[in-house]
Amino acid sequence: MSFLDMLAMRFPMHELLNRGRSGETVISLYRRLAQHGVPNDTHAAILWVGVNDVLAEVSHSHFLLKRWMRQPPARSEAEFRDHYLRILELLLEQTMHVLAVAPFLIGEDLSNPWNRRLADLGQVISATASSFARVSHLDLREEISSLLPAKGSSSYVPTGVLGIARDVILLRSPGRVDEMAARRGLRLTLDGVHLNSRGAGIAAEAFSDVIERFSG
C-alpha cells in the first residue's frame with residue numbers, strides 16, 4: 001500500500017491528489033507546473049522532488065531515460081536551487097501551505113555517494129524553504145537514520161531502468177514488494193528508491209502530522 005493510500009484512509013474528509021509523475025526532476029516539474037499549474041482550490045501542497053536529479057548519475061541508462069522522457073536533471077546545486085525556488089513561488093500563488101520535503105534515498109547506505117549528494121540537495125531545499133513563511137520543511141532521512149545502521153546496510157541500488165520496470169510488472173502487491181525488499185536486505189524500500197510497506201508507513205505518519213497541522 002502506498003503512503004498516499006494510507007493517508008486517504010486516515011483522512012477521508014480530505015481530497016488527496018497525487019500530481020507527481022514517475023521520473024520527475026526539478027526542471028521537468030517546474031516546466032509542467034508553469035504550464036498547467038495546480039487546482040485553484042488546493043489548500044496545501046507537498047513538494048517532494050530531487051531523487052531523480054541524482055538518480056540520473058547512477059548509471060548511463062538512467063541518464064538516457066531522462067533525456068528520452070524530457071526530464072533533464074539539474075546540472076548543479078545552483079540550477080536546482082533556481083528551479084526549486086520557482087516551483088515554490090508558483091505553488092504559493094495557488095495554495096495556502098507548502099511542505100518542502102528533502103529527497104529521500106538512493107540505496108539504504110547513507111554513506112554512498114548518491115545519498116551524500118541528496119543530503120546536499122536537502123540542505124539547498126531547507127535553506128530555500130526557510131525564506132517563505134508559508135513553507136514548512138521536512139527531512140525524512142532524520143526520521144529513519146536510526147533504522148539504517150552505518151554498518152550492515154544493504155548496498156543495493158537500482159543501477160538499471162530495466163530492473164525497475166521488471167519490479168513494476170511483477171510485484172503488484174504490497175506483500176510481494178516486501179518479500180523482494182527482504183531478499184535484497186532492504187528495510188524501507190523495494191530497490192533503494194521506491195518505498196516498501198514500512199517506508200510508506202513512516203512517510204504517511206510524518207505527512208499525517210503535517211496535514212493535521214495545516215488543517216487546524
# chains A, B, ... in the order shown; residues from 1 in each chain; ligands from 1
call {"tool": "select_by_dssp", "arguments": {"residues": "range 7-170 of chain A", "states": "strand (DSSP E or B)", "output": "short mmCIF file (atom, residue, chain, number, x, y, z; two decimals) with N, CA and C atoms, in the first residue's frame"}}
result
data_model
loop_
_atom_site.label_atom_id
_atom_site.label_comp_id
_atom_site.auth_asym_id
_atom_site.auth_seq_id
_atom_site.Cartn_x
_atom_site.Cartn_y
_atom_site.Cartn_z
N ALA A 44 -3.23 22.89 0.41
CA ALA A 44 -1.83 22.67 0.75
C ALA A 44 -1.20 21.74 -0.28
N ALA A 45 0.11 21.85 -0.42
CA ALA A 45 0.84 21.02 -1.37
C ALA A 45 2.08 20.44 -0.70
N ILE A 46 2.38 19.19 -1.04
CA ILE A 46 3.61 18.54 -0.60
C ILE A 46 4.56 18.49 -1.80
N LEU A 47 5.71 19.10 -1.66
CA LEU A 47 6.70 19.16 -2.74
C LEU A 47 7.84 18.21 -2.39
N TRP A 48 7.93 17.10 -3.12
CA TRP A 48 8.93 16.07 -2.84
C TRP A 48 9.64 15.74 -4.15
N HIS A 97 -0.46 26.56 1.96
CA HIS A 97 0.69 25.98 2.63
C HIS A 97 1.44 25.06 1.67
N VAL A 98 2.75 24.99 1.85
CA VAL A 98 3.58 24.04 1.12
C VAL A 98 4.50 23.34 2.11
N LEU A 99 4.58 22.03 1.96
CA LEU A 99 5.56 21.25 2.72
C LEU A 99 6.69 20.88 1.78
N ALA A 100 7.88 21.38 2.05
CA ALA A 100 9.07 21.09 1.24
C ALA A 100 9.79 19.90 1.86
N VAL A 101 9.79 18.77 1.17
CA VAL A 101 10.34 17.52 1.70
C VAL A 101 11.70 17.26 1.05
N VAL A 135 5.91 28.10 4.06
CA VAL A 135 6.54 26.84 3.64
C VAL A 135 7.16 26.17 4.87
N SER A 136 6.79 24.92 5.10
CA SER A 136 7.40 24.11 6.16
C SER A 136 8.39 23.15 5.52
N HIS A 137 9.30 22.64 6.33
CA HIS A 137 10.34 21.74 5.82
C HIS A 137 10.31 20.43 6.58
N LEU A 138 10.54 19.33 5.85
CA LEU A 138 10.57 18.00 6.47
C LEU A 138 11.71 17.20 5.84
#
call {"tool": "select_by_dssp", "arguments": {"residues": "range 39-209 of chain A", "states": "alpha helix (DSSP H)", "output": "PyMOL selection string"}}
result
chain A and resi 51-55+60-68+77-94+113-129+140-144+161-170+174-183+197-209
call {"tool": "residues_around", "arguments": {"residues": "Val38 in chain A", "least_positions_apart": "6", "cutoff": "9 Å", "atoms": "only C-alpha atoms", "output": "PyMOL selection string"}}
result
chain A and resi 19+90-91+94-95
call {"tool": "write_last_selection", "arguments": {"atoms": "C-alpha atoms", "output": "PDB file, in the first residue's frame"}}
result
ATOM      1  CA  ARG A  19       0.138  15.179  -9.126  1.00  0.00           C
ATOM      2  CA  LEU A  90       4.242  29.038  -8.302  1.00  0.00           C
ATOM      3  CA  LEU A  91       2.717  26.864  -5.584  1.00  0.00           C
ATOM      4  CA  GLN A  94      -2.317  28.976  -5.583  1.00  0.00           C
ATOM      5  CA  THR A  95      -2.029  27.269  -2.180  1.00  0.00           C
TER       6      THR A  95
END
call {"tool": "residues_around", "arguments": {"residues": "Ala204 in chain A", "least_positions_apart": "5", "cutoff": "9 Å", "atoms": "only C-alpha atoms", "output": "list in words"}}
result
Ser2, Phe3, Leu4, Asp5, Met6, Leu7, Gly199 and Asp209 of chain A
call {"tool": "residues_around", "arguments": {"residues": "range 121-124 of chain A", "least_positions_apart": "5", "cutoff": "7 Å", "atoms": "only C-alpha atoms", "output": "list in words"}}
result
Glu77, Arg81, Ala102 and Pro103 of chain A
call {"tool": "residues_around", "arguments": {"residues": "range 158-169 of chain A", "least_positions_apart": "2", "cutoff": "8 Å", "atoms": "only C-alpha atoms", "output": "PyMOL selection string"}}
result
chain A and resi 58-59+61-62+65+106-107+156+171-172+191-193
call {"tool": "write_last_selection", "arguments": {"atoms": "C-alpha atoms", "output": "PDB file, in the first residue's frame"}}
result
ATOM      1  CA  VAL A  58      23.772   6.322 -11.055  1.00  0.00           C
ATOM      2  CA  SER A  59      24.006   4.740 -14.497  1.00  0.00           C
ATOM      3  CA  SER A  61      20.667   4.012 -18.690  1.00  0.00           C
ATOM      4  CA  HIS A  62      19.080   6.325 -16.117  1.00  0.00           C
ATOM      5  CA  LEU A  65      15.932   7.623 -19.925  1.00  0.00           C
ATOM      6  CA  ILE A 106      19.102   6.179  -3.419  1.00  0.00           C
ATOM      7  CA  GLY A 107      20.133   2.968  -1.738  1.00  0.00           C
ATOM      8  CA  TYR A 156      21.596  -2.480  -3.351  1.00  0.00           C
ATOM      9  CA  LEU A 171       5.461  -7.063  -7.969  1.00  0.00           C
ATOM     10  CA  ARG A 172       1.865  -5.918  -7.884  1.00  0.00           C
ATOM     11  CA  ASP A 191      15.019  -1.126  -4.588  1.00  0.00           C
ATOM     12  CA  GLY A 192      16.758   1.650  -2.707  1.00  0.00           C
ATOM     13  CA  VAL A 193      14.346   4.293  -4.044  1.00  0.00           C
TER      14      VAL A 193
END
call {"tool": "closest_residue", "arguments": {"among": "A:Leu17, A:Leu186, A:Met180, A:Ala78", "to": "Pro149 in chain A", "atoms": "only C-alpha atoms"}}
result
A:Leu186
call {"tool": "closest_residue", "arguments": {"among": "A:Ile202, A:Ala8, A:Val157, A:Leu55", "to": "Ala181 in chain A", "atoms": "only C-alpha atoms"}}
result
A:Val157
call {"tool": "closest_residue", "arguments": {"among": "A:Met1, A:Ala119, A:Val54, A:Ile125", "to": "Leu85 in chain A", "atoms": "only C-alpha atoms"}}
result
A:Ile125
call {"tool": "closest_residue", "arguments": {"among": "A:Leu148, A:Ala200, A:Val26, A:Ala206", "to": "Gly185 in chain A", "atoms": "only C-alpha atoms"}}
result
A:Leu148
